[in-house]
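Contents: one structure, followed by commentary.
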Amino acid sequence: MDNIQALYQKAMKFAGEKHRNQTVPGSTANYLLHLSNVAMEILVIYIESPSFDLALAVQTAILHDTLEDTDATYEELEEQFGMKVAEAVLALTKNPTLVGKRQKMEDSVNRINALGPEVGMVKLADRITNLQAPPAHWSQDKRGRYLDEAVFISEQLTGKHAYLEARLRDKIEGYREFV
């Protein structure tokens, strides 16, 4: 664990440069807030159960949106962070060639489940972080679809980490007030 700070900082610098003009949807907060919150979920569970690859999970947490939301490439991630991290980020990235949000989510969940538990843990942490008050401009229908996606993720990513799975179920229940 001695090197985790250096890995965290390297990934955060890369993500900060790639997401430099992005904000958290529905706010003016820099996107690094979201990425650090996802990484924080991973760091907190490691304290309680240090039985997973923390380096892989933290780097993946910080970089999880770089392929989907920035000009970062798989090759760049592989060169900077190694093949395992690049594959993990790719699994968390929706395939743009597929049609429909549900099909993209199913494909991503299948790819996540084909990899180690750390990748699924990052997806759980990502959705936990995202299940806050939705942006004011979201319609009731969009809020309902987002809740349905969270339930789907919760059902499909079982056996990754009991605490994160329970935390996601709790966040889903709390999010129901917005639907």
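Letters for chains follow the order of the structure tokens (A, B, ...), residue numbers begin at 1 for each chain, and ligand numbers begin at 1 in the order shown.
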
**Distance query region 22-32 of chain A at most 10 Å, only C-alpha atoms, self and fewer than 3 positions along chain excluded, as an MDAnalysis selection string** = chainID A and resid 12:13 15:19 35:38 62 69:70 130 133:138

**Message:** Excluding Lys94 (chain A) and its own-chain neighbours fewer than 5 positions away, which residues fall within 9 Å of it when counting only C-alpha atoms? Please give them as a VMD selection string.
**Reply:** chain A and resid 68 101 104 to 105 107 to 108

**Asked** Of the candidates A:Gln140, A:Ala114, A:Val89, A:Thr158, which shows the shortest atom-to-atom distance to Leu77 (chain A), using only C-alpha atoms?
**Response** A:Val89

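Each of A:Val85, A:Leu124, A:Ala162, A:Ile112 was compared to Ala11 (chain A) using only C-alpha atoms, and A:Val85 turns out to be the nearest.
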
**Asked** Quick one: distance from CA of Gln132 (chain A) to CA of Ile4 (chain A) in Å, one decimal?
**Response** 27.9 Å

**Message:** According to DSSP computed on the backbone, where in chain A is there helix (DSSP H, G or I)? Give the residues as a PyMOL selection string.
**Reply:** chain A and resi 4-18+32-48+54-63+66-69+74-81+83-91+101-113+117-130+140-156+162-178

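Within the 12 Å cut-off around Asp53 (chain A), using only C-alpha atoms and omitting residues fewer than 5 positions from it on the same chain, the listed residues are A:Met1, A:Ile4, A:Ile42, A:Leu43, A:Ile45, A:Tyr46, A:Val58, A:Gln59, A:Thr60, A:Lys84, A:Val85, A:Gly116, A:Pro117, A:Glu118, A:Val119, A:Met121, A:Val122.
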
For C-alpha atoms, I'd like the residues from the last selection saved as a JSON list (two decimals), in the first residue's frame.
```json
[["chain", "number", "residue", "atom", "x", "y", "z"],
["A", 1, "MET", "CA", 0.00, 0.00, 0.00],
["A", 4, "ILE", "CA", -0.98, 3.92, -3.50],
["A", 42, "ILE", "CA", -12.97, 2.15, -2.76],
["A", 43, "LEU", "CA", -10.45, 3.42, -0.20],
["A", 45, "ILE", "CA", -13.90, -0.40, 1.96],
["A", 46, "TYR", "CA", -10.24, -1.36, 1.69],
["A", 58, "VAL", "CA", -8.28, 3.05, -7.19],
["A", 59, "GLN", "CA", -6.74, 3.76, -10.58],
["A", 60, "THR", "CA", -9.82, 2.35, -12.31],
["A", 84, "LYS", "CA", -5.24, -4.39, -16.43],
["A", 85, "VAL", "CA", -6.30, -0.80, -15.75],
["A", 116, "GLY", "CA", -12.08, -9.31, -11.52],
["A", 117, "PRO", "CA", -14.23, -8.06, -8.66],
["A", 118, "GLU", "CA", -12.40, -4.71, -8.54],
["A", 119, "VAL", "CA", -14.05, -3.59, -11.79],
["A", 121, "MET", "CA", -16.68, -2.64, -7.22],
["A", 122, "VAL", "CA", -15.83, 0.51, -9.17]]
```

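Between CA of Ala39 (chain A) and CA of Phe152 (chain A) lies a distance of 22.0 Å.
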
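Using only C-alpha atoms for every distance, the candidate list A:Ala72, A:Val179, A:Ile128, A:Ala57 yields A:Ile128 as the residue closest to Arg167 (chain A).
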
**Complete:** Nearest to Ser139 (chain A), restricted to only C-alpha atoms and choosing among A:Ser49, A:Phe178, A:Asp65, A:Ile172, comes out as A:Phe178

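Counting only C-alpha atoms and comparing A:Thr93, A:Gln5, A:Ser51, A:Thr66, the residue that lies closest to Glu106 (chain A) is A:Thr93.
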
**Message:** As an exercise, work out the distance from CA of Leu115 (chain A) to CA of Leu67 (chain A) in Å and give it to one decimal place.
**Reply:** 17.5 Å

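With distances restricted to only C-alpha atoms, A:Ala55 is the closest residue to Gly82 (chain A) from A:Ala55, A:Ile153, A:Leu147, A:Leu131.
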